[in-house]
$ cat input11.txt   # compact mmCIF, C-alpha atoms
# COMPACT_ATOMS: atom_id res chain seq x y z
CA MET F 1 -20.86 -8.05 -18.50
CA ASN F 2 -17.77 -7.51 -20.67
CA ILE F 3 -15.23 -9.75 -18.96
CA ALA F 4 -12.31 -9.04 -21.32
CA ILE F 5 -11.48 -5.87 -19.38
CA PHE F 6 -10.79 -7.83 -16.17
CA PRO F 7 -7.57 -9.64 -17.19
CA ILE F 8 -6.33 -6.49 -18.94
CA ALA F 9 -6.86 -4.42 -15.79
CA ALA F 10 -5.31 -7.08 -13.58
CA ILE F 11 -2.14 -7.47 -15.66
CA ALA F 12 -1.65 -3.74 -16.23
CA ALA F 13 -2.16 -2.86 -12.56
CA TYR F 14 0.14 -5.66 -11.44
CA LEU F 15 2.98 -4.65 -13.76
CA ILE F 16 2.70 -0.91 -13.12
CA SER F 17 2.56 -1.24 -9.34
CA GLY F 18 5.40 -3.73 -9.39
CA VAL F 19 7.84 -0.88 -10.04
CA ASN F 20 9.32 -0.09 -6.60
CA PRO F 21 10.69 3.44 -6.05
CA ALA F 22 12.30 2.52 -2.71
CA ILE F 23 14.46 -0.11 -4.40
CA LEU F 24 15.27 2.10 -7.38
CA LEU F 25 16.16 5.21 -5.35
CA SER F 26 18.19 3.34 -2.74
CA LYS F 27 20.34 1.89 -5.51
CA LEU F 28 20.51 5.04 -7.62
CA ILE F 29 21.17 7.57 -4.87
CA TYR F 30 22.70 5.65 -1.97
CA HIS F 31 24.26 2.74 -3.90
CA GLN F 32 22.56 0.28 -1.57
CA ASP F 33 19.59 -2.04 -1.79
CA ILE F 34 16.87 -1.03 0.68
CA ARG F 35 16.14 -4.75 1.04
CA THR F 36 19.48 -5.21 2.82
CA VAL F 37 19.25 -2.42 5.41
CA GLY F 38 16.95 -1.46 8.25
CA SER F 39 13.92 -3.72 8.43
CA LYS F 40 14.77 -4.83 4.86
CA ASN F 41 11.27 -3.97 3.69
CA PRO F 42 11.32 -2.14 0.34
CA GLY F 43 8.74 0.47 1.28
CA PHE F 44 8.28 4.06 2.35
CA THR F 45 8.51 3.46 6.12
CA ASN F 46 11.84 1.64 6.02
CA PHE F 47 13.22 4.06 3.43
CA LYS F 48 12.32 7.04 5.63
CA ARG F 49 13.75 5.44 8.77
CA VAL F 50 17.03 4.58 7.07
CA TYR F 51 17.63 7.60 4.83
CA GLY F 52 15.40 10.34 6.25
CA TRP F 53 12.91 12.57 4.49
CA LYS F 54 15.19 13.92 1.74
CA PHE F 55 13.95 11.47 -0.89
CA ALA F 56 11.35 9.56 1.12
CA TRP F 57 8.67 11.97 -0.08
CA LEU F 58 9.45 10.84 -3.64
CA VAL F 59 8.97 7.19 -2.66
CA LEU F 60 5.61 8.12 -1.14
CA LEU F 61 4.57 10.09 -4.23
CA VAL F 62 5.48 7.32 -6.69
CA ASP F 63 3.82 4.60 -4.59
CA VAL F 64 0.60 6.61 -4.49
CA THR F 65 0.77 7.56 -8.16
CA LYS F 66 1.28 4.00 -9.38
CA SER F 67 -2.01 3.15 -7.67
CA VAL F 68 -3.89 6.27 -8.74
CA ILE F 69 -3.11 5.84 -12.45
CA PRO F 70 -4.47 2.28 -12.92
CA CYS F 71 -7.41 2.72 -10.50
CA LEU F 72 -8.56 5.93 -12.15
CA GLY F 73 -7.80 4.71 -15.65
CA PHE F 74 -9.56 1.39 -15.39
CA GLY F 75 -12.35 2.84 -13.29
CA LEU F 76 -13.13 5.09 -16.24
CA ALA F 77 -12.62 2.21 -18.67
CA PHE F 78 -15.09 -0.01 -16.77
CA ARG F 79 -17.59 2.86 -16.83
CA ALA F 80 -17.08 3.53 -20.55
CA ILE F 81 -17.55 -0.12 -21.44
CA GLY F 82 -20.54 -0.37 -19.14
CA VAL F 83 -19.46 -3.43 -17.17
CA LEU F 84 -22.41 -2.83 -14.86
CA GLU F 85 -25.63 -0.90 -15.35
CA SER F 86 -24.43 1.37 -12.55
CA GLY F 87 -21.36 1.44 -10.33
CA SER F 88 -18.93 0.33 -13.02
CA PHE F 89 -16.31 2.84 -11.90
CA GLN F 90 -16.35 1.54 -8.33
CA LEU F 91 -15.99 -2.05 -9.51
CA GLY F 92 -13.09 -1.12 -11.78
CA ALA F 93 -11.30 0.78 -9.03
CA ALA F 94 -11.74 -1.99 -6.44
CA PHE F 95 -10.65 -4.77 -8.78
CA THR F 96 -7.68 -2.81 -10.12
CA GLY F 97 -6.66 -1.71 -6.64
CA LEU F 98 -6.43 -5.31 -5.47
CA PHE F 99 -4.09 -6.27 -8.30
CA ALA F 100 -2.07 -3.09 -7.81
CA MET F 101 -1.47 -4.24 -4.23
CA ILE F 102 -0.47 -7.71 -5.42
CA GLY F 103 1.94 -6.14 -7.89
CA HIS F 104 3.56 -4.04 -5.17
CA ALA F 105 3.75 -6.95 -2.71
CA TYR F 106 4.89 -9.65 -5.15
CA PRO F 107 6.51 -7.87 -8.13
CA VAL F 108 7.80 -9.96 -10.98
CA TRP F 109 10.47 -7.27 -11.55
CA TYR F 110 12.14 -8.08 -8.18
CA ARG F 111 11.73 -11.85 -7.90
CA PHE F 112 8.34 -11.42 -6.21
CA LYS F 113 9.82 -9.68 -3.16
CA GLY F 114 8.10 -6.34 -2.61
CA GLY F 115 6.60 -4.07 0.01
CA LYS F 116 3.52 -4.17 2.20
CA ALA F 117 1.27 -2.21 -0.17
CA PHE F 118 -0.33 0.13 2.35
CA LEU F 119 0.20 3.30 0.29
CA VAL F 120 -1.12 1.55 -2.81
CA ALA F 121 -4.23 0.49 -0.89
CA ALA F 122 -4.62 3.91 0.74
CA ALA F 123 -4.72 5.57 -2.67
CA ALA F 124 -7.01 2.96 -4.23
CA ILE F 125 -9.75 3.14 -1.58
CA TRP F 126 -10.46 6.79 -2.40
CA PHE F 127 -11.57 5.72 -5.88
CA VAL F 128 -13.75 2.94 -4.51
CA ASP F 129 -15.62 5.29 -2.16
CA TRP F 130 -14.30 8.63 -0.97
CA HIS F 131 -16.32 8.36 2.23
CA VAL F 132 -14.49 5.14 3.08
CA GLY F 133 -11.17 6.70 2.13
CA LEU F 134 -11.82 9.72 4.34
CA ILE F 135 -12.69 7.61 7.38
CA ALA F 136 -9.74 5.27 6.87
CA SER F 137 -7.37 8.23 6.49
CA GLY F 138 -8.73 9.77 9.68
CA ILE F 139 -8.19 6.55 11.62
CA PHE F 140 -4.70 6.17 10.20
CA LEU F 141 -3.59 9.71 11.03
CA LEU F 142 -5.14 9.63 14.50
CA LEU F 143 -3.28 6.45 15.42
CA LEU F 144 -0.05 7.53 13.71
CA PHE F 145 0.12 10.75 15.72
CA THR F 146 -0.90 9.12 19.02
CA VAL F 147 0.38 5.53 19.08
CA GLN F 148 3.14 6.37 16.56
CA ILE F 149 3.35 2.82 15.25
CA MET F 150 2.94 2.57 11.49
CA SER F 151 1.84 -1.07 11.39
CA ILE F 152 -0.99 -0.56 13.91
CA SER F 153 -2.14 2.57 12.10
CA SER F 154 -2.08 0.83 8.72
CA ILE F 155 -3.85 -2.35 9.81
CA CYS F 156 -6.59 -0.55 11.76
CA ALA F 157 -7.24 1.84 8.88
CA ALA F 158 -7.42 -1.08 6.44
CA VAL F 159 -9.78 -3.13 8.60
CA SER F 160 -12.18 -0.18 8.78
CA CYS F 161 -12.59 -0.13 4.98
CA PRO F 162 -14.83 -3.16 4.32
CA ILE F 163 -16.88 -2.27 7.41
CA THR F 164 -17.56 1.29 6.31
CA LEU F 165 -18.00 0.19 2.69
CA ALA F 166 -20.74 -2.19 3.80
CA CYS F 167 -22.39 0.68 5.68
CA PHE F 168 -22.29 3.11 2.75
CA GLY F 169 -23.19 0.45 0.19
CA PHE F 170 -21.46 -0.95 -2.87
CA SER F 171 -22.38 -1.45 -6.51
CA HIS F 172 -21.60 -5.16 -6.74
CA ILE F 173 -20.63 -7.93 -4.32
CA VAL F 174 -17.28 -8.22 -6.14
CA VAL F 175 -16.42 -4.74 -4.87
CA LEU F 176 -16.76 -5.86 -1.25
CA ILE F 177 -14.90 -9.11 -1.97
CA CYS F 178 -12.00 -7.18 -3.50
CA CYS F 179 -11.94 -4.88 -0.48
CA VAL F 180 -11.87 -7.80 1.98
CA LEU F 181 -9.15 -9.58 0.00
CA SER F 182 -7.10 -6.38 -0.07
CA VAL F 183 -7.32 -6.10 3.72
CA LEU F 184 -6.34 -9.75 4.19
CA LEU F 185 -3.36 -9.26 1.88
CA LEU F 186 -2.25 -6.19 3.81
CA ILE F 187 -2.54 -8.00 7.15
CA TRP F 188 -0.59 -10.95 5.75
CA ARG F 189 2.17 -8.61 4.55
CA HIS F 190 2.38 -7.19 8.07
CA LYS F 191 2.78 -10.60 9.75
CA ALA F 192 6.36 -9.83 10.85
CA ASN F 193 5.17 -6.54 12.35
CA ILE F 194 2.40 -8.35 14.21
CA VAL F 195 4.96 -10.71 15.73
CA ARG F 196 7.10 -7.76 16.83
CA LEU F 197 4.04 -6.06 18.28
CA ALA F 198 3.27 -9.17 20.31
CA HIS F 199 6.80 -9.05 21.73
CA GLY F 200 6.78 -5.29 22.25
CA GLU F 201 9.58 -4.82 19.75
CA GLU F 202 7.86 -2.82 17.00
CA PRO F 203 9.70 0.51 16.49
CA LYS F 204 7.81 3.77 16.52
CA PHE F 205 7.48 5.94 13.44
CA ARG F 206 8.14 9.64 13.88
CA LEU F 207 6.88 11.59 10.92
CA PHE F 208 9.38 14.41 11.23
CA GLY F 209 12.24 12.46 12.76
CA LYS F 210 15.63 12.26 11.14
CA ALA F 211 17.24 9.13 9.81
CA LYS F 212 18.88 6.91 12.38
CA LYS F 213 22.49 5.82 12.29
CA LYS F 214 24.08 4.85 9.03
CA PRO F 215 22.43 1.80 7.46
CA GLU F 216 25.66 -0.19 7.59
CA ASP F 217 25.76 0.13 11.40
CA PRO F 218 24.99 -3.39 12.74
CA GLN F 219 23.34 -1.92 15.84
CA THR F 220 20.88 0.01 13.69
CA GLU F 221 20.03 -3.04 11.62
CA ALA F 222 19.44 -5.10 14.74
CA GLN F 223 16.99 -2.52 16.09
CA GLU F 224 15.04 -2.39 12.85
CA LYS F 225 14.70 -6.16 12.35

$ encode --input "input11.txt" --output "structure tokens"
Amino acid sequence: MNIAIFPIAAIAAYLISGVNPAILLSKLIYHQDIRTVGSKNPGFTNFKRVYGWKFAWLVLLVDVTKSVIPCLGFGLAFRAIGVLESGSFQLGAAFTGLFAMIGHAYPVWYRFKGGKAFLVAAAAIWFVDWHVGLIASGIFLLLLFTVQIMSISSICAAVSCPITLACFGFSHIVVLICCVLSVLLLIWRHKANIVRLAHGEEPKFRLFGKAKKKPEDPQTEAQEK
């Protein structure tokens, strides 16, 4: 096994995914820091709640793309090098996806304060196994349109991934380990949401809803915290 590719993939995925479009666009367009308004989470959900859909779609697109590029790129690199006799692409995608999530959650560019990494994980799992990605996406969308709570939808979809991956099979035990670690990271990043859920205070997410009151409104900030 050529192990030199592992640190290269980890560092590249971490640095690429550390670039946060929610922070950049909130400063560039609205002259605010998304980390100071709404729920203060620098991610798609908070950006959409605070500013509406006008540029939220761009946050979503960049967050997905910064996962797709390293997962696809290093998946192909692992295959070309022949890290495993078979299943090298899956191993590369799973390993890279984990570090892409870490980069988004704890980016060196922003003093290690990032988002919750769901979109990064959602994009990565399709390269690990499209069957798993399809099932997870179905669970996510079903819950999002019924329960309308983003955190529940995200966590349930994530938890389904290692279960379905074990059912469909994986090329190497490291693939499953990376998947489990990714889920644990995502759950950990949602710990504040879990506390709000326990107290019945988690706000609902309406896909086509408009932005709430202006971000500087103290009442709005109190509702989102």

$ closest_residue --input "input11.txt" --among "F:Cys179, F:Arg196, F:Leu61, F:Lys40" --to "Ala166 (chain F)" --atoms "all atoms listed in the file"
F:Cys179

$ atom_distance --input "input11.txt" --atom1 "CA of Pro21 (chain F)" --atom2 "CA of Ser182 (chain F)"
21.2 Å

$ atom_distance --input "input11.txt" --atom1 "CA of Ile29 (chain F)" --atom2 "CA of Lys54 (chain F)"
10.9 Å

$ residues_around --input "input11.txt" --residues "region 98-115 of chain F" --least-positions-apart "6" --cutoff "9 Å" --atoms "all atoms listed in the file" --output "ChimeraX atom specification"
/F:9-20,35,41-44,63,66-67,70-71,121,124,178-179,181-182,185-186,189

$ closest_residue --input "input11.txt" --among "F:Pro7, F:Tyr51, F:Val83, F:Pro162" --to "Thr96 (chain F)" --atoms "all atoms listed in the file"
F:Pro7

$ atom_distance --input "input11.txt" --atom1 "CA of Leu72 (chain F)" --atom2 "CA of Leu165 (chain F)"
18.5 Å

$ closest_residue --input "input11.txt" --among "F:Ile194, F:Phe118, F:Lys48, F:Leu91" --to "Ala77 (chain F)" --atoms "all atoms listed in the file"
F:Leu91

$ closest_residue --input "input11.txt" --among "F:Val132, F:Ile152, F:Ile8, F:Leu119" --to "Pro203 (chain F)" --atoms "all atoms listed in the file"
F:Ile152

$ closest_residue --input "input11.txt" --among "F:Thr45, F:Ser39, F:Asn193, F:Ser86" --to "Val59 (chain F)" --atoms "all atoms listed in the file"
F:Thr45
